[in-house]
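This is target-v4.cif. It holds mmCIF, C-alpha atoms.
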```cif
data_entry
loop_
_atom_site.label_atom_id
_atom_site.label_comp_id
_atom_site.auth_asym_id
_atom_site.auth_seq_id
_atom_site.Cartn_x
_atom_site.Cartn_y
_atom_site.Cartn_z
CA MET A 591 0.00 0.00 0.00
CA LYS A 592 2.92 2.38 0.78
CA ASN A 593 4.49 1.68 -2.64
CA GLN A 594 1.16 2.40 -4.33
CA LYS A 595 0.85 5.69 -2.45
CA LYS A 596 4.41 6.65 -3.36
CA ALA A 597 3.81 5.86 -7.02
CA ILE A 598 0.66 7.99 -7.06
CA VAL A 599 2.47 10.96 -5.49
CA LEU A 600 5.46 10.65 -7.84
CA GLY A 601 3.15 10.44 -10.84
CA ILE A 602 1.32 13.60 -9.83
CA THR A 603 4.68 15.37 -9.22
CA ALA A 604 6.09 14.37 -12.61
CA THR A 605 2.97 15.58 -14.38
CA MET A 606 3.15 18.95 -12.69
CA LEU A 607 6.91 19.40 -13.38
CA MET A 608 6.75 18.56 -17.10
CA PRO A 609 6.16 22.19 -18.22
CA VAL A 610 9.19 23.34 -16.26
CA CYS A 611 11.49 20.95 -18.14
CA PHE A 612 10.56 22.46 -21.52
CA ASN A 613 10.71 26.22 -20.61
CA GLY A 614 14.14 27.82 -20.10
CA GLY A 615 15.20 31.15 -18.64
CA THR A 616 15.67 32.73 -15.25
CA ALA A 617 12.22 34.30 -15.07
CA GLU A 618 10.56 31.04 -15.85
CA ALA A 619 12.68 29.29 -13.18
CA ALA A 620 11.58 31.76 -10.52
CA ALA A 621 7.95 31.27 -11.46
CA ALA A 622 8.46 27.54 -11.47
CA ASP A 623 9.81 27.61 -7.92
CA THR A 624 6.59 29.21 -6.81
CA ASP A 625 4.55 26.56 -8.71
CA VAL A 626 6.61 23.76 -7.22
CA ALA A 627 5.91 24.99 -3.71
CA ALA A 628 2.20 25.13 -4.48
CA MET A 629 2.27 21.72 -6.05
CA GLN A 630 4.18 20.31 -3.10
CA ALA A 631 1.53 21.63 -0.77
CA GLU A 632 -1.14 20.07 -2.98
CA ILE A 633 0.77 16.76 -2.98
CA ASN A 634 0.97 16.85 0.79
CA ASP A 635 -2.79 17.44 0.89
CA LEU A 636 -3.39 14.53 -1.50
CA THR A 637 -1.17 12.31 0.62
CA ALA A 638 -3.16 13.19 3.73
CA ARG A 639 -6.43 12.51 1.88
CA LEU A 640 -5.14 9.11 0.67
CA THR A 641 -4.19 8.25 4.23
CA ASP A 642 -7.69 9.18 5.42
CA LEU A 643 -9.26 7.10 2.65
CA GLU A 644 -7.08 4.11 3.58
CA ASN A 645 -8.13 4.42 7.22
CA SER A 646 -11.81 4.75 6.24
CA LEU A 647 -11.54 1.71 3.94
CA ALA A 648 -9.93 -0.37 6.69
CA ALA A 649 -12.67 0.65 9.15
CA ALA A 650 -15.41 -0.18 6.60
CA LYS A 651 -13.89 -3.60 5.93
CA GLU A 652 -13.69 -4.31 9.66
CA LYS A 653 -17.33 -3.28 10.09
CA GLN A 654 -18.36 -5.44 7.13
CA GLU A 655 -16.57 -8.49 8.52
CA ALA A 656 -18.20 -7.93 11.93
CA ALA A 657 -21.64 -7.75 10.29
CA LYS A 658 -20.98 -10.97 8.35
CA SER A 659 -19.86 -12.75 11.52
CA GLU A 660 -22.98 -11.57 13.39
CA LYS A 661 -25.26 -12.65 10.53
CA LYS A 662 -23.56 -16.06 10.37
CA ALA A 663 -23.90 -16.51 14.14
CA LYS A 664 -27.62 -15.67 13.96
CA LYS A 665 -28.10 -18.05 11.05
CA GLU A 666 -26.40 -20.91 12.88
CA ALA A 667 -28.22 -20.29 16.18
CA PRO A 668 -31.02 -22.81 16.93
CA THR A 669 -34.44 -21.54 15.83
CA LEU A 670 -37.62 -22.94 17.35
CA LYS A 671 -40.33 -23.94 14.89
CA TRP A 672 -43.78 -24.12 16.43
CA SER A 673 -46.63 -26.28 15.18
CA GLY A 674 -49.69 -28.00 16.56
CA SER A 675 -53.29 -28.98 16.09
CA THR A 676 -56.69 -28.78 17.74
CA LYS A 677 -59.67 -31.11 17.63
CA SER A 678 -63.13 -30.53 19.04
CA GLY A 679 -66.31 -32.48 18.47
CA TYR A 680 -69.40 -34.30 19.67
CA MET A 681 -69.83 -38.10 19.74
CA TYR A 682 -73.05 -40.04 20.28
CA ASP A 683 -72.81 -43.82 20.81
CA GLU A 684 -74.93 -46.95 21.28
CA LYS A 685 -75.32 -46.21 24.98
CA LYS A 686 -77.27 -43.10 23.98
CA THR A 687 -74.62 -41.02 25.65
CA GLY A 688 -73.16 -37.86 24.20
CA LYS A 689 -69.53 -36.91 24.69
CA ILE A 690 -67.98 -33.52 24.10
CA LYS A 691 -64.32 -33.94 23.18
CA ALA A 692 -61.53 -31.41 22.89
CA GLU A 693 -57.82 -31.90 22.25
CA ALA A 694 -54.86 -29.62 21.59
CA LYS A 695 -51.22 -30.35 20.72
CA ILE A 696 -48.39 -27.83 21.05
CA LEU A 697 -45.14 -28.94 19.39
CA ALA A 698 -41.72 -27.31 19.05
CA THR A 699 -38.72 -28.48 17.01
CA THR A 700 -35.23 -27.10 16.40
CA VAL A 701 -31.86 -28.08 14.92
CA VAL A 702 -28.77 -27.87 17.12
CA ASP A 703 -25.32 -27.36 15.54
CA LYS A 704 -26.75 -28.23 12.10
CA THR A 705 -26.68 -31.84 13.25
CA TYR A 706 -29.24 -32.80 15.87
CA ASP A 707 -33.02 -32.53 15.59
CA VAL A 708 -34.72 -31.84 18.90
CA GLY A 709 -38.46 -32.04 19.51
CA LEU A 710 -40.69 -31.27 22.47
CA GLY A 711 -44.47 -31.25 22.75
CA LEU A 712 -47.48 -31.60 25.02
CA LYS A 713 -51.02 -32.85 24.46
CA PHE A 714 -54.04 -31.52 26.36
CA LYS A 715 -57.22 -33.58 26.32
CA SER A 716 -60.68 -33.01 27.79
CA THR A 717 -63.77 -35.26 27.63
CA SER A 718 -67.17 -34.45 29.12
CA SER A 719 -69.96 -37.04 29.10
CA GLU A 720 -73.64 -36.23 29.42
CA PRO A 721 -75.77 -37.82 32.17
CA ASN A 722 -77.22 -41.23 31.26
CA ASN A 723 -79.56 -43.68 33.03
CA GLY A 724 -79.54 -41.65 36.22
CA LYS A 725 -75.75 -41.46 36.34
CA TYR A 726 -73.98 -38.16 36.83
CA SER A 727 -72.03 -36.62 34.02
CA SER A 728 -68.29 -37.22 34.04
CA GLU A 729 -65.30 -35.13 33.09
CA LYS A 730 -61.73 -36.08 32.28
CA ASN A 731 -58.94 -33.57 31.83
CA LYS A 732 -55.49 -34.89 30.96
CA VAL A 733 -52.04 -33.61 30.01
CA LYS A 734 -49.50 -35.86 28.32
CA LEU A 735 -45.94 -35.62 27.02
CA GLU A 736 -46.46 -35.86 23.26
CA GLN A 737 -42.81 -35.86 22.21
CA ALA A 738 -39.35 -35.30 23.67
CA TYR A 739 -36.67 -36.66 21.36
CA VAL A 740 -33.26 -36.14 19.75
CA GLY A 741 -32.65 -37.23 16.16
CA ARG A 742 -29.73 -37.32 13.75
CA SER A 743 -29.01 -38.42 10.18
CA PHE A 744 -26.15 -40.72 9.24
CA GLY A 745 -26.30 -40.70 5.47
CA PRO A 746 -29.41 -42.69 4.43
CA VAL A 747 -30.15 -43.65 8.06
CA TYR A 748 -32.10 -41.37 10.40
CA VAL A 749 -32.13 -42.31 14.09
CA LYS A 750 -34.33 -40.88 16.81
CA ALA A 751 -34.33 -41.51 20.57
CA GLY A 752 -36.90 -40.47 23.14
CA VAL A 753 -40.65 -39.95 23.37
CA GLN A 754 -42.05 -39.86 19.85
CA THR A 755 -44.87 -40.94 17.51
CA VAL A 756 -44.66 -44.37 15.85
CA SER A 757 -46.94 -45.68 13.12
CA LEU A 758 -46.97 -48.91 11.13
CA GLY A 759 -48.93 -49.69 7.99
CA GLU A 760 -52.37 -48.08 7.94
CA GLY A 761 -52.39 -47.86 11.74
CA LEU A 762 -54.55 -50.90 12.52
CA TRP A 763 -52.17 -52.20 15.19
CA LEU A 764 -49.87 -49.29 15.92
CA SER A 765 -50.37 -45.56 15.47
CA LYS A 766 -49.42 -43.87 18.70
CA SER A 767 -47.72 -40.80 20.13
CA SER A 768 -45.98 -40.56 23.53
CA VAL A 769 -44.06 -43.80 22.90
CA ASN A 770 -40.56 -44.02 24.42
CA GLN A 771 -38.48 -45.58 21.65
CA PHE A 772 -35.18 -45.78 19.84
CA THR A 773 -36.07 -45.83 16.14
CA ALA A 774 -34.10 -46.01 12.89
CA ASN A 775 -35.38 -45.24 9.41
CA TYR A 776 -33.15 -46.56 6.61
CA LYS A 777 -33.77 -45.29 3.09
CA MET A 778 -32.40 -48.31 1.26
CA THR A 779 -33.30 -46.98 -2.21
CA PRO A 780 -35.53 -44.11 -3.40
CA ARG A 781 -38.44 -46.61 -3.28
CA ASP A 782 -37.51 -48.94 -0.40
CA THR A 783 -37.54 -48.10 3.32
CA LEU A 784 -36.76 -50.10 6.44
CA TYR A 785 -38.15 -48.80 9.74
CA ALA A 786 -37.41 -50.34 13.14
CA GLY A 787 -37.91 -49.48 16.79
CA TYR A 788 -37.16 -50.77 20.28
CA GLY A 789 -38.30 -49.49 23.67
CA ARG A 790 -41.39 -49.14 25.81
CA ASP A 791 -44.96 -48.41 24.85
CA SER A 792 -46.96 -45.32 25.84
CA GLN A 793 -46.20 -43.39 29.00
CA ASP A 794 -48.86 -42.43 31.54
CA TYR A 795 -50.51 -39.03 31.58
CA LEU A 796 -48.68 -36.29 33.46
CA VAL A 797 -51.99 -35.14 34.92
CA ASN A 798 -54.84 -37.63 35.36
CA ASP A 799 -58.43 -37.45 36.48
CA THR A 800 -58.40 -37.20 40.27
CA ASN A 801 -61.45 -39.48 40.46
CA ASP A 802 -59.72 -42.27 38.54
CA ASP A 803 -59.10 -45.22 40.88
CA ASN A 804 -56.97 -47.10 38.34
CA PRO A 805 -53.22 -47.28 39.04
CA PRO A 806 -50.71 -45.60 36.72
CA ALA A 807 -50.27 -47.39 33.40
CA ARG A 808 -47.57 -50.07 33.27
CA THR A 809 -45.44 -49.78 30.18
CA ARG A 810 -44.66 -52.90 28.18
CA LEU A 811 -41.82 -53.89 25.87
CA LEU A 812 -42.50 -52.65 22.34
CA LYS A 813 -40.33 -53.55 19.36
CA PHE A 814 -41.01 -53.72 15.65
CA ALA A 815 -39.56 -53.76 12.13
CA GLN A 816 -41.28 -52.70 8.92
CA TYR A 817 -40.35 -52.85 5.23
CA GLN A 818 -42.17 -50.72 2.64
CA HIS A 819 -41.86 -50.44 -1.13
CA ASP A 820 -43.25 -47.41 -2.96
CA PHE A 821 -44.51 -48.18 -6.46
CA SER A 822 -45.38 -44.53 -7.06
CA LYS A 823 -46.30 -41.41 -5.09
CA ASP A 824 -49.67 -42.83 -3.97
CA ALA A 825 -49.12 -46.60 -4.33
CA TYR A 826 -47.19 -48.66 -1.80
CA ALA A 827 -47.13 -52.01 -0.01
CA GLY A 828 -45.33 -53.34 3.03
CA LEU A 829 -45.11 -55.82 5.85
CA TYR A 830 -44.13 -55.66 9.50
CA PHE A 831 -43.69 -57.75 12.61
CA GLY A 832 -43.37 -56.75 16.21
CA THR A 833 -43.98 -57.42 19.88
CA GLN A 834 -46.01 -55.57 22.46
CA GLN A 835 -45.32 -57.70 25.50
CA PRO A 836 -46.57 -60.41 25.58
CA GLU A 837 -48.38 -60.14 22.24
CA ARG A 838 -46.63 -60.84 18.91
CA TYR A 839 -47.92 -59.29 15.69
CA LEU A 840 -47.42 -59.90 11.97
CA GLY A 841 -49.04 -57.62 9.42
CA VAL A 842 -49.24 -56.70 5.72
CA TYR A 843 -50.71 -53.56 4.17
CA GLY A 844 -50.98 -51.57 0.97
CA SER A 845 -52.62 -48.67 -0.81
CA THR A 846 -53.16 -47.79 -4.47
CA PRO A 847 -55.23 -45.52 -6.72
CA ILE A 848 -57.86 -47.34 -8.80
CA VAL A 849 -59.26 -44.93 -11.36
CA GLY A 850 -59.76 -41.18 -11.31
CA LYS A 851 -60.16 -40.03 -7.71
CA PHE A 852 -60.93 -43.52 -6.40
CA GLY A 853 -58.41 -45.39 -4.27
CA ILE A 854 -58.24 -48.40 -1.99
CA SER A 855 -56.16 -49.32 1.06
CA ALA A 856 -56.10 -52.34 3.35
CA GLU A 857 -54.26 -53.89 6.29
CA TYR A 858 -54.25 -57.36 7.83
CA VAL A 859 -52.70 -58.11 11.24
CA ARG A 860 -52.35 -61.39 13.15
CA ASN A 861 -51.59 -61.90 16.83
CA THR A 862 -49.57 -65.13 17.09
CA ASN A 863 -49.57 -65.29 20.89
CA LYS A 864 -52.10 -68.05 21.67
CA GLU A 865 -51.89 -67.92 25.47
CA LYS A 866 -53.65 -64.68 26.25
CA PRO A 867 -52.97 -63.57 29.86
CA GLY A 868 -55.79 -62.56 32.16
CA PHE A 869 -55.61 -60.06 34.99
CA SER A 870 -55.61 -63.01 37.42
CA ASP A 871 -52.58 -64.61 35.71
CA VAL A 872 -50.10 -61.77 36.02
CA ASP A 873 -49.33 -59.00 38.46
CA ASN A 874 -48.20 -56.49 35.86
CA GLY A 875 -51.29 -54.32 35.69
CA TYR A 876 -52.36 -55.65 32.29
CA GLY A 877 -54.23 -58.60 30.82
CA TYR A 878 -57.59 -59.60 29.31
CA LYS A 879 -60.94 -59.72 31.10
CA TYR A 880 -62.12 -62.60 28.91
CA PHE A 881 -59.64 -65.34 28.00
CA GLY A 882 -59.26 -69.08 27.54
CA ALA A 883 -59.66 -69.59 23.78
CA ASN A 884 -55.89 -70.10 23.38
CA LYS A 885 -55.77 -69.39 19.66
CA ASN A 886 -54.32 -66.87 17.22
CA THR A 887 -56.42 -63.77 16.73
CA GLN A 888 -56.59 -61.60 13.63
CA GLY A 889 -58.20 -58.58 12.08
CA TYR A 890 -58.33 -56.53 8.92
CA VAL A 891 -59.62 -53.26 7.53
CA ILE A 892 -60.47 -52.38 3.93
CA SER A 893 -61.04 -48.74 2.93
CA LEU A 894 -62.43 -47.41 -0.34
CA ASN A 895 -61.94 -43.67 -0.76
CA TYR A 896 -62.90 -40.95 -3.22
CA GLY A 897 -61.16 -37.58 -3.34
CA LYS A 898 -58.86 -35.82 -0.86
CA ALA A 899 -59.81 -33.05 1.56
CA LYS A 900 -56.57 -31.08 1.58
CA LYS A 901 -57.06 -27.65 -0.01
CA LYS A 902 -59.91 -25.27 0.77
CA GLY A 903 -63.16 -26.41 -0.83
CA THR A 904 -62.05 -30.01 -1.49
CA TRP A 905 -63.72 -33.05 0.06
CA ASP A 906 -63.51 -36.81 0.36
CA ILE A 907 -65.68 -39.74 1.30
CA ILE A 908 -64.34 -43.03 2.72
CA GLY A 909 -66.14 -46.31 3.17
CA GLN A 910 -64.61 -48.91 5.51
CA TYR A 911 -65.17 -52.49 6.57
CA LEU A 912 -63.49 -53.81 9.74
CA ASN A 913 -63.40 -57.34 11.12
CA ILE A 914 -61.46 -57.53 14.39
CA ASP A 915 -61.36 -60.63 16.62
CA GLN A 916 -61.87 -60.44 20.36
CA ASN A 917 -58.51 -60.17 22.13
CA LEU A 918 -56.59 -59.08 19.06
CA PHE A 919 -55.43 -56.05 21.05
CA MET A 920 -54.99 -55.96 24.80
CA ASP A 921 -54.95 -52.17 24.88
CA ASP A 922 -57.18 -50.42 22.36
CA SER A 923 -55.43 -47.06 22.67
CA TYR A 924 -52.67 -47.95 20.17
CA THR A 925 -54.81 -48.46 17.07
CA ASP A 926 -55.79 -45.58 14.82
CA TRP A 927 -59.41 -46.67 15.42
CA ASP A 928 -59.11 -46.23 19.20
CA ASP A 929 -62.53 -44.56 19.43
CA TYR A 930 -64.18 -47.77 18.19
CA ILE A 931 -62.07 -50.93 18.55
CA THR A 932 -61.80 -52.56 22.00
CA ALA A 933 -60.66 -55.93 23.34
CA ASP A 934 -64.25 -57.12 22.78
CA GLY A 935 -63.68 -57.12 19.01
CA PHE A 936 -65.33 -55.07 16.29
CA LYS A 937 -67.13 -56.06 13.10
CA GLY A 938 -68.99 -53.69 10.83
CA PHE A 939 -68.98 -50.76 8.43
CA GLY A 940 -67.92 -47.15 8.68
CA LEU A 941 -68.52 -44.06 6.60
CA ILE A 942 -66.32 -40.94 6.83
CA MET A 943 -66.93 -37.60 5.09
CA ASP A 944 -64.41 -34.76 5.23
CA TYR A 945 -64.65 -31.19 3.93
CA ALA A 946 -61.70 -28.77 3.97
CA THR A 947 -63.10 -25.46 5.19
CA SER A 948 -59.67 -23.91 4.60
CA ASP A 949 -56.15 -25.10 3.80
CA HIS A 950 -55.57 -25.91 7.48
CA THR A 951 -59.04 -26.74 8.84
CA LYS A 952 -61.41 -29.64 8.24
CA LEU A 953 -64.94 -30.62 9.19
CA SER A 954 -65.53 -34.38 9.50
CA LEU A 955 -68.51 -36.66 10.06
CA LEU A 956 -67.81 -40.29 11.08
CA ARG A 957 -70.55 -42.92 11.35
CA TYR A 958 -70.04 -46.60 12.26
CA TRP A 959 -72.53 -49.49 12.23
CA ALA A 960 -71.00 -52.51 13.95
CA HIS A 961 -71.13 -54.99 16.82
CA THR A 962 -68.66 -56.67 19.15
CA ASN A 963 -67.02 -59.84 17.88
CA PRO A 964 -66.71 -62.24 20.88
CA ASP A 965 -65.34 -65.78 20.91
CA GLY A 966 -67.45 -68.23 22.93
CA ASP A 967 -64.32 -69.93 24.29
CA ASN A 968 -63.17 -66.75 26.02
CA LEU A 969 -64.65 -66.66 29.52
CA LYS A 970 -64.75 -63.86 32.04
CA GLY A 971 -61.82 -64.36 34.37
CA GLY A 972 -61.12 -67.62 32.51
CA THR A 973 -63.93 -69.51 34.28
CA GLY A 974 -67.08 -67.37 34.08
CA SER A 975 -69.51 -66.72 31.26
CA SER A 976 -68.59 -65.67 27.73
CA LEU A 977 -69.18 -62.21 26.35
CA GLU A 978 -72.51 -61.62 24.62
CA LYS A 979 -72.54 -59.97 21.21
CA SER A 980 -73.76 -56.39 21.48
CA PRO A 981 -74.29 -53.49 19.04
CA HIS A 982 -71.55 -50.95 18.65
CA TYR A 983 -72.36 -47.81 16.70
CA SER A 984 -71.44 -44.17 16.96
CA THR A 985 -71.74 -40.81 15.23
CA TYR A 986 -68.90 -38.35 15.59
CA LEU A 987 -68.87 -34.77 14.28
CA LYS A 988 -65.54 -33.01 14.71
CA PHE A 989 -63.62 -29.95 13.57
CA THR A 990 -59.83 -30.08 13.32
CA THR A 991 -57.16 -27.46 12.71
CA LYS A 992 -53.44 -27.62 12.01
CA PHE A 993 -50.97 -24.79 12.42
#
```

Please re-express this file's structure in structure tokens.
Amino acid sequence: MKNQKKAIVLGITATMLMPVCFNGGTAEAAAADTDVAAMQAEINDLTARLTDLENSLAAAKEKQEAAKSEKKAKKEAPTLKWSGSTKSGYMYDEKKTGKIKAEAKILATTVVDKTYDVGLGLKFKSTSSEPNNGKYSSEKNKVKLEQAYVGRSFGPVYVKAGVQTVSLGEGLWLSKSSVNQFTANYKMTPRDTLYAGYGRDSQDYLVNDTNDDNPPARTRLLKFAQYQHDFSKDAYAGLYFGTQQPERYLGVYGSTPIVGKFGISAEYVRNTNKEKPGFSDVDNGYGYKYFGANKNTQGYVISLNYGKAKKKGTWDIIGQYLNIDQNLFMDDSYTDWDDYITADGFKGFGLIMDYATSDHTKLSLLRYWAHTNPDGDNLKGGTGSSLEKSPHYSTYLKFTTKF
């Protein structure tokens, strides 16, 4: 920089002195001395100005680098992304009892050090039942840890540890949040995925109904593995197996468009544990009320759908048939049909109509006509009477939002 400054000054000096070199005489020399002094003063001024410009440029560069560093630090700092959903509705069932239901989920996710995904969320749930047959109305208000996990990608493998949501197939056996698991999702090819998990099943509510005399839920071992192949964006098929202590499950599922807006999906699941435990057999806080058949149990669901209620003004209609054996599931809260399927079994039809009132809200009407599906060899407590077949129907109107 000093050499550049010197060259600039020398160049200006040479330019100013050129007329002096070509004009002779004493008078001209005297005049030139005066001009040289003036030019020297001007050169000194230019030198000072160049020095000031250099100092200003250095300060500007320093300020620019500081701004870049601050912007980079802000960009790399973890940013919370909030999301959630609400659900409110009214259900009327075969007991001629109405239930007002409300649910809200608040979820937060962030990325730490551009490497780790972190998620945290809570679920708030309230259910109020109307009086029936002289009984008082009941209310249940619950709070539950929806998710609390850390995840990371290792090339095509994404691993996640902590409380999270797990779902297999179409959700007939397993579609549940608040599950404490270590899971791995391996993208084998663009069309093939392997998904596996190991841990415990759902945790108890953080806040329970104070009038509930039942003890806190006992978690059970839950492990599974699923393989899925995608034929196209909307067509896929897969199989899975898993254990929810002491039950063992094997399932297959698939979904495909048929023609136009019509599509079909189905899932079949089999429980290969023949010796179903009763509450009297174990002291683990779980078991079946009716048992003794000692056989495999199974169930399936077939859904025929038209349209998709995703964007504002769109709608869909879904017809379903379910055939679920008694004692296929010990705990009915893990299936995606947890409002309908119980350990008593379920057999019948369902009709679902959805209308998207906006891009993030939906109005739904669900109607089921069914009955329980008991096995005569399953006896109450293992020695009492068998369960009688009874009607099981419900109408559910609900409004959901996502944000």

Next item on the list: I would like the residues chosen by the PyMOL selection byres ((chain A and resi 913-924) around 7) on the shown file; could you give them as a ChimeraX atom specification?
Entry: /A:763-766,861,877-878,887-891,911-912,925-926,928,931-938,963-965

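Here CA of Val702 (chain A) and CA of Arg790 (chain A) stand 26.2 Å from one another.
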
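The nearest approach to Lys813 (chain A) among the residues A:Leu758, A:Ile696, A:Ile848, A:Ala856, with all atoms listed in the file taken into account, belongs to A:Leu758.
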
Notebook entry, point to check: On this structure, which residues satisfy the PyMOL selection byres ((chain A and resi 783) around 10), written as number ranges by chain?
Noted result: A: 746-747, 775-782, 784-785, 816-820, 828

List the residues selected by the PyMOL selection byres ((chain A and resi 960) around 9) in the file shown, writing them as a PDB file with C-alpha atoms, keeping the file's coordinate frame.
```
ATOM      1  CA  LEU A 912     -63.490 -53.810   9.740  1.00  0.00           C
ATOM      2  CA  PHE A 936     -65.330 -55.070  16.290  1.00  0.00           C
ATOM      3  CA  LYS A 937     -67.130 -56.060  13.100  1.00  0.00           C
ATOM      4  CA  GLY A 938     -68.990 -53.690  10.830  1.00  0.00           C
ATOM      5  CA  PHE A 939     -68.980 -50.760   8.430  1.00  0.00           C
ATOM      6  CA  GLY A 940     -67.920 -47.150   8.680  1.00  0.00           C
ATOM      7  CA  TYR A 958     -70.040 -46.600  12.260  1.00  0.00           C
ATOM      8  CA  TRP A 959     -72.530 -49.490  12.230  1.00  0.00           C
ATOM      9  CA  HIS A 961     -71.130 -54.990  16.820  1.00  0.00           C
ATOM     10  CA  THR A 962     -68.660 -56.670  19.150  1.00  0.00           C
ATOM     11  CA  SER A 980     -73.760 -56.390  21.480  1.00  0.00           C
ATOM     12  CA  PRO A 981     -74.290 -53.490  19.040  1.00  0.00           C
ATOM     13  CA  HIS A 982     -71.550 -50.950  18.650  1.00  0.00           C
ATOM     14  CA  TYR A 983     -72.360 -47.810  16.700  1.00  0.00           C
ATOM     15  CA  SER A 984     -71.440 -44.170  16.960  1.00  0.00           C
TER      16      SER A 984
END
```

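For the pair CA of Thr687 (chain A) and CA of Phe989 (chain A), the separation is 19.7 Å.
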
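Taking all atoms listed in the file into account, the protein, DNA and RNA residues within 8 Å of (-75.4, -37.0, 16.5) read A:Tyr680, A:Met681, A:Tyr682, A:Thr985, A:Tyr986, A:Leu987.
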
Can those selected residues be exported to a file as a PDB file, in the frame of the given file so that it contains C-alpha atoms?
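Okay, again-v8.pdb is ready:
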```pdb
ATOM      1  CA  TYR A 680     -69.400 -34.300  19.670  1.00  0.00           C
ATOM      2  CA  MET A 681     -69.830 -38.100  19.740  1.00  0.00           C
ATOM      3  CA  TYR A 682     -73.050 -40.040  20.280  1.00  0.00           C
ATOM      4  CA  THR A 985     -71.740 -40.810  15.230  1.00  0.00           C
ATOM      5  CA  TYR A 986     -68.900 -38.350  15.590  1.00  0.00           C
ATOM      6  CA  LEU A 987     -68.870 -34.770  14.280  1.00  0.00           C
TER       7      LEU A 987
END
```

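Using only C-alpha atoms, the smallest distance between any of A:Ala692, A:Leu636, A:Gly966, A:Thr700 and Glu978 (chain A) comes from A:Gly966.
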
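Taking CA of Asp929 (chain A) and CA of Gly841 (chain A) as endpoints, the distance between them is 21.3 Å.
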
Item checked: Non-local contacts of Ala786 (chain A) (6 Å; all atoms listed in the file; under 2 positions in same chain excluded) as JSON, numbers by chain -> {"A": [773, 774, 814, 815]}

With all heavy atoms as the target, complete region 883-887 of chain A and hand it back as a PDB file, keeping the file's coordinate frame.
```
ATOM      1  N   ALA A 883     -59.545 -68.981  25.104  1.00  0.00           N
ATOM      2  CA  ALA A 883     -59.660 -69.590  23.780  1.00  0.00           C
ATOM      3  C   ALA A 883     -58.342 -70.184  23.308  1.00  0.00           C
ATOM      4  O   ALA A 883     -58.321 -71.172  22.558  1.00  0.00           O
ATOM      5  CB  ALA A 883     -60.153 -68.545  22.773  1.00  0.00           C
ATOM      6  N   ASN A 884     -57.223 -69.589  23.723  1.00  0.00           N
ATOM      7  CA  ASN A 884     -55.890 -70.100  23.380  1.00  0.00           C
ATOM      8  C   ASN A 884     -55.733 -70.339  21.880  1.00  0.00           C
ATOM      9  O   ASN A 884     -55.466 -71.449  21.418  1.00  0.00           O
ATOM     10  CB  ASN A 884     -55.600 -71.397  24.143  1.00  0.00           C
ATOM     11  CG  ASN A 884     -55.525 -71.188  25.634  1.00  0.00           C
ATOM     12  OD1 ASN A 884     -55.113 -70.123  26.101  1.00  0.00           O
ATOM     13  ND2 ASN A 884     -55.944 -72.186  26.392  1.00  0.00           N
ATOM     14  N   LYS A 885     -55.920 -69.298  21.115  1.00  0.00           N
ATOM     15  CA  LYS A 885     -55.770 -69.390  19.660  1.00  0.00           C
ATOM     16  C   LYS A 885     -55.242 -68.057  19.120  1.00  0.00           C
ATOM     17  O   LYS A 885     -55.270 -67.029  19.812  1.00  0.00           O
ATOM     18  CB  LYS A 885     -57.103 -69.710  18.997  1.00  0.00           C
ATOM     19  CG  LYS A 885     -58.176 -68.647  19.218  1.00  0.00           C
ATOM     20  CD  LYS A 885     -59.473 -68.985  18.487  1.00  0.00           C
ATOM     21  CE  LYS A 885     -60.150 -70.197  19.107  1.00  0.00           C
ATOM     22  NZ  LYS A 885     -61.516 -70.402  18.530  1.00  0.00           N
ATOM     23  N   ASN A 886     -54.729 -68.116  17.881  1.00  0.00           N
ATOM     24  CA  ASN A 886     -54.320 -66.870  17.220  1.00  0.00           C
ATOM     25  C   ASN A 886     -55.548 -65.994  16.981  1.00  0.00           C
ATOM     26  O   ASN A 886     -56.649 -66.486  16.724  1.00  0.00           O
ATOM     27  CB  ASN A 886     -53.658 -67.170  15.888  1.00  0.00           C
ATOM     28  CG  ASN A 886     -52.335 -67.890  16.039  1.00  0.00           C
ATOM     29  OD1 ASN A 886     -51.660 -67.736  17.057  1.00  0.00           O
ATOM     30  ND2 ASN A 886     -51.951 -68.676  15.046  1.00  0.00           N
ATOM     31  N   THR A 887     -55.354 -64.713  17.057  1.00  0.00           N
ATOM     32  CA  THR A 887     -56.420 -63.770  16.730  1.00  0.00           C
ATOM     33  C   THR A 887     -55.968 -62.901  15.556  1.00  0.00           C
ATOM     34  O   THR A 887     -54.766 -62.743  15.316  1.00  0.00           O
ATOM     35  CB  THR A 887     -56.769 -62.882  17.927  1.00  0.00           C
ATOM     36  OG1 THR A 887     -55.569 -62.293  18.456  1.00  0.00           O
ATOM     37  CG2 THR A 887     -57.448 -63.700  19.014  1.00  0.00           C
TER      38      THR A 887
END
```
